[in-house]
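One structure below.
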Amino acid sequence: MKTFTYKSFVGKTDYSKKDKIFYGKLEGINDLITFESKGADELEKSFHEAVDDYIASCKSIGKELH
């Protein structure tokens with residue numbers, strides 16, 4: 001399991017042998033935000049995109065972050 005941090009958000013990751021993908025979710029928030037990638041080298045980029053999308057979504061509906 002690897003942990004990423006970006007813009008004060010934390011993402012914990014794992015690997016599914018069955019599905020042959022890396023996947024993870026944002027931790028410490030009251031929403032379910034996930035990300036995935038077929039390659040380990042793309043996983044951090046997928047995490048960053050998930051965080052950026054989450055921030056944009058929260059701003060668009062007026063939801064406070066953290």
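For the structure tokens, the naming scheme is as follows: chains receive sequential letters (A, B, ...) according to their order of presentation, residues are indexed from 1 within each chain, and ligands are indexed from 1 in presentation order.
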Can you list, as an MDAnalysis selection string, every protein, DNA or RNA residue that comes within 8 Å of Ser46 (chain A) when you count only C-alpha atoms, leaving out same-chain residues fewer than 4 positions away? chainID A and resid 35:37 42 50
Those residues you just picked out, can you put them in a file as a compact mmCIF listing (two decimals), in the first residue's frame with N, CA and C atoms?
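selection.txt, freshly written:
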# COMPACT_ATOMS: atom_id res chain seq x y z
N PHE A 35 -9.86 6.62 -7.28
CA PHE A 35 -9.05 6.78 -8.47
C PHE A 35 -8.41 5.44 -8.79
N GLU A 36 -8.02 5.27 -10.05
CA GLU A 36 -7.41 4.00 -10.43
C GLU A 36 -6.50 4.20 -11.64
N SER A 37 -5.68 3.20 -11.87
CA SER A 37 -4.75 3.23 -12.99
C SER A 37 -4.30 1.82 -13.32
N GLU A 42 1.27 5.74 -13.52
CA GLU A 42 0.15 6.65 -13.80
C GLU A 42 -0.73 6.89 -12.57
N ALA A 50 -8.08 13.24 -9.38
CA ALA A 50 -9.22 13.02 -8.48
C ALA A 50 -9.32 14.16 -7.47
Would you mind listing what lies within 8 Å of region 15-32 of chain A as an MDAnalysis selection string, with only C-alpha atoms counted and same-chain residues fewer than 3 positions away left out? chainID A and resid 1 9:12 35:40 43 47 51 66
Please produce a file of the residues just selected, as a compact mmCIF listing (two decimals), in the first residue's frame, where the atoms kept are N, CA, C and O atoms.
# COMPACT_ATOMS: atom_id res chain seq x y z
N MET A 1 0.84 -1.18 0.00
CA MET A 1 0.00 0.00 0.00
C MET A 1 0.89 1.24 0.00
O MET A 1 1.83 1.33 0.75
N PHE A 9 -4.59 16.72 0.73
CA PHE A 9 -5.42 15.52 0.69
C PHE A 9 -4.53 14.29 0.68
O PHE A 9 -3.43 14.31 0.13
N VAL A 10 -5.02 13.23 1.28
CA VAL A 10 -4.27 11.97 1.36
C VAL A 10 -5.04 10.91 0.59
O VAL A 10 -6.26 10.79 0.72
N GLY A 11 -4.31 10.15 -0.19
CA GLY A 11 -4.90 9.03 -0.91
C GLY A 11 -4.14 7.76 -0.57
O GLY A 11 -2.91 7.73 -0.61
N LYS A 12 -4.87 6.73 -0.21
CA LYS A 12 -4.26 5.43 0.07
C LYS A 12 -4.57 4.50 -1.09
O LYS A 12 -5.69 4.49 -1.60
N PHE A 35 -9.86 6.62 -7.28
CA PHE A 35 -9.05 6.78 -8.47
C PHE A 35 -8.41 5.44 -8.79
O PHE A 35 -8.31 4.57 -7.92
N GLU A 36 -8.02 5.27 -10.05
CA GLU A 36 -7.41 4.00 -10.43
C GLU A 36 -6.50 4.20 -11.64
O GLU A 36 -6.57 5.22 -12.32
N SER A 37 -5.68 3.20 -11.87
CA SER A 37 -4.75 3.23 -12.99
C SER A 37 -4.30 1.82 -13.32
O SER A 37 -4.21 0.98 -12.43
N LYS A 38 -4.03 1.57 -14.58
CA LYS A 38 -3.52 0.26 -14.97
C LYS A 38 -2.03 0.12 -14.69
O LYS A 38 -1.53 -0.98 -14.53
N GLY A 39 -1.33 1.24 -14.61
CA GLY A 39 0.10 1.21 -14.34
C GLY A 39 0.47 2.00 -13.11
O GLY A 39 -0.14 3.03 -12.81
N ALA A 40 1.48 1.54 -12.39
CA ALA A 40 1.90 2.21 -11.17
C ALA A 40 2.39 3.63 -11.46
O ALA A 40 2.19 4.54 -10.66
N LEU A 43 -0.50 6.16 -11.51
CA LEU A 43 -1.38 6.21 -10.35
C LEU A 43 -1.36 7.56 -9.66
O LEU A 43 -2.40 8.10 -9.29
N PHE A 47 -4.46 10.18 -9.02
CA PHE A 47 -4.75 10.72 -7.70
C PHE A 47 -4.87 12.25 -7.77
O PHE A 47 -5.84 12.82 -7.26
N VAL A 51 -8.20 14.59 -6.92
CA VAL A 51 -8.20 15.70 -5.96
C VAL A 51 -8.66 16.98 -6.64
O VAL A 51 -9.53 17.69 -6.12
N HIS A 66 -12.60 20.26 3.87
CA HIS A 66 -12.09 19.88 5.21
C HIS A 66 -12.93 20.57 6.23
O HIS A 66 -12.75 21.08 7.16
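Of note, CA of Thr5 (chain A) and CA of Ile55 (chain A) are spaced 14.3 Å apart.
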Enumerate as a ChimeraX atom specification all residues of chain A assigned to strand (DSSP E or B) by DSSP on the backbone, naming them with the chain letters and numbers the document uses. /A:3-6,9-16,21-27,34-37
Keeping N, CA, C and O atoms, export the residues of the selection given above as an mmCIF file, in the first residue's frame.
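Saved to selection.cif:
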data_model
loop_
_atom_site.group_PDB
_atom_site.id
_atom_site.type_symbol
_atom_site.label_atom_id
_atom_site.label_comp_id
_atom_site.auth_asym_id
_atom_site.auth_seq_id
_atom_site.Cartn_x
_atom_site.Cartn_y
_atom_site.Cartn_z
ATOM 1 N N THR A 3 0.884 5.618 -0.012
ATOM 2 C CA THR A 3 0.106 6.788 0.344
ATOM 3 C C THR A 3 0.631 7.992 -0.421
ATOM 4 O O THR A 3 1.834 8.207 -0.491
ATOM 5 N N PHE A 4 -0.289 8.767 -0.996
ATOM 6 C CA PHE A 4 0.060 10.002 -1.687
ATOM 7 C C PHE A 4 -0.518 11.187 -0.925
ATOM 8 O O PHE A 4 -1.568 11.063 -0.290
ATOM 9 N N THR A 5 0.143 12.329 -1.018
ATOM 10 C CA THR A 5 -0.381 13.570 -0.463
ATOM 11 C C THR A 5 -0.302 14.641 -1.542
ATOM 12 O O THR A 5 0.716 14.756 -2.228
ATOM 13 N N TYR A 6 -1.393 15.401 -1.682
ATOM 14 C CA TYR A 6 -1.459 16.456 -2.691
ATOM 15 C C TYR A 6 -2.502 17.464 -2.238
ATOM 16 O O TYR A 6 -3.642 17.089 -1.933
ATOM 17 N N PHE A 9 -4.593 16.724 0.727
ATOM 18 C CA PHE A 9 -5.421 15.522 0.686
ATOM 19 C C PHE A 9 -4.526 14.287 0.680
ATOM 20 O O PHE A 9 -3.427 14.307 0.132
ATOM 21 N N VAL A 10 -5.016 13.229 1.280
ATOM 22 C CA VAL A 10 -4.273 11.973 1.364
ATOM 23 C C VAL A 10 -5.038 10.906 0.594
ATOM 24 O O VAL A 10 -6.257 10.788 0.718
ATOM 25 N N GLY A 11 -4.309 10.148 -0.185
ATOM 26 C CA GLY A 11 -4.895 9.029 -0.905
ATOM 27 C C GLY A 11 -4.145 7.756 -0.574
ATOM 28 O O GLY A 11 -2.914 7.732 -0.608
ATOM 29 N N LYS A 12 -4.866 6.732 -0.207
ATOM 30 C CA LYS A 12 -4.263 5.432 0.071
ATOM 31 C C LYS A 12 -4.569 4.503 -1.087
ATOM 32 O O LYS A 12 -5.686 4.486 -1.600
ATOM 33 N N THR A 13 -3.582 3.731 -1.478
ATOM 34 C CA THR A 13 -3.708 2.907 -2.676
ATOM 35 C C THR A 13 -3.451 1.435 -2.393
ATOM 36 O O THR A 13 -2.871 1.069 -1.371
ATOM 37 N N ASP A 14 -3.869 0.615 -3.331
ATOM 38 C CA ASP A 14 -3.645 -0.825 -3.259
ATOM 39 C C ASP A 14 -3.630 -1.365 -4.687
ATOM 40 O O ASP A 14 -3.827 -0.613 -5.639
ATOM 41 N N TYR A 15 -3.430 -2.664 -4.817
ATOM 42 C CA TYR A 15 -3.401 -3.307 -6.135
ATOM 43 C C TYR A 15 -4.340 -4.499 -6.129
ATOM 44 O O TYR A 15 -4.357 -5.290 -5.184
ATOM 45 N N SER A 16 -5.130 -4.618 -7.183
ATOM 46 C CA SER A 16 -6.016 -5.768 -7.337
ATOM 47 C C SER A 16 -5.393 -6.732 -8.342
ATOM 48 O O SER A 16 -5.321 -6.420 -9.540
ATOM 49 N N ILE A 21 -5.320 -3.852 -11.664
ATOM 50 C CA ILE A 21 -5.289 -2.392 -11.618
ATOM 51 C C ILE A 21 -4.828 -1.920 -10.247
ATOM 52 O O ILE A 21 -4.986 -2.618 -9.243
ATOM 53 N N PHE A 22 -4.270 -0.731 -10.230
ATOM 54 C CA PHE A 22 -3.981 -0.033 -8.987
ATOM 55 C C PHE A 22 -5.188 0.849 -8.711
ATOM 56 O O PHE A 22 -5.773 1.423 -9.631
ATOM 57 N N TYR A 23 -5.563 0.968 -7.452
ATOM 58 C CA TYR A 23 -6.732 1.771 -7.103
ATOM 59 C C TYR A 23 -6.524 2.411 -5.737
ATOM 60 O O TYR A 23 -5.662 1.998 -4.962
ATOM 61 N N GLY A 24 -7.307 3.435 -5.467
ATOM 62 C CA GLY A 24 -7.204 4.092 -4.172
ATOM 63 C C GLY A 24 -8.388 4.987 -3.922
ATOM 64 O O GLY A 24 -9.284 5.112 -4.754
ATOM 65 N N LYS A 25 -8.382 5.608 -2.745
ATOM 66 C CA LYS A 25 -9.450 6.540 -2.391
ATOM 67 C C LYS A 25 -8.887 7.645 -1.525
ATOM 68 O O LYS A 25 -7.848 7.467 -0.869
ATOM 69 N N LEU A 26 -9.581 8.775 -1.545
ATOM 70 C CA LEU A 26 -9.180 9.887 -0.696
ATOM 71 C C LEU A 26 -9.599 9.575 0.731
ATOM 72 O O LEU A 26 -10.698 9.088 0.975
ATOM 73 N N GLU A 27 -8.719 9.870 1.653
ATOM 74 C CA GLU A 27 -8.970 9.624 3.071
ATOM 75 C C GLU A 27 -9.295 10.931 3.793
ATOM 76 O O GLU A 27 -8.888 12.005 3.353
ATOM 77 N N THR A 34 -12.679 8.045 -5.481
ATOM 78 C CA THR A 34 -11.730 6.982 -5.813
ATOM 79 C C THR A 34 -10.945 7.347 -7.068
ATOM 80 O O THR A 34 -11.314 8.242 -7.815
ATOM 81 N N PHE A 35 -9.864 6.617 -7.277
ATOM 82 C CA PHE A 35 -9.051 6.783 -8.471
ATOM 83 C C PHE A 35 -8.414 5.445 -8.786
ATOM 84 O O PHE A 35 -8.307 4.569 -7.922
ATOM 85 N N GLU A 36 -8.023 5.266 -10.052
ATOM 86 C CA GLU A 36 -7.405 3.996 -10.433
ATOM 87 C C GLU A 36 -6.499 4.197 -11.637
ATOM 88 O O GLU A 36 -6.566 5.222 -12.322
ATOM 89 N N SER A 37 -5.676 3.200 -11.873
ATOM 90 C CA SER A 37 -4.750 3.235 -12.991
ATOM 91 C C SER A 37 -4.302 1.823 -13.318
ATOM 92 O O SER A 37 -4.206 0.978 -12.425
#
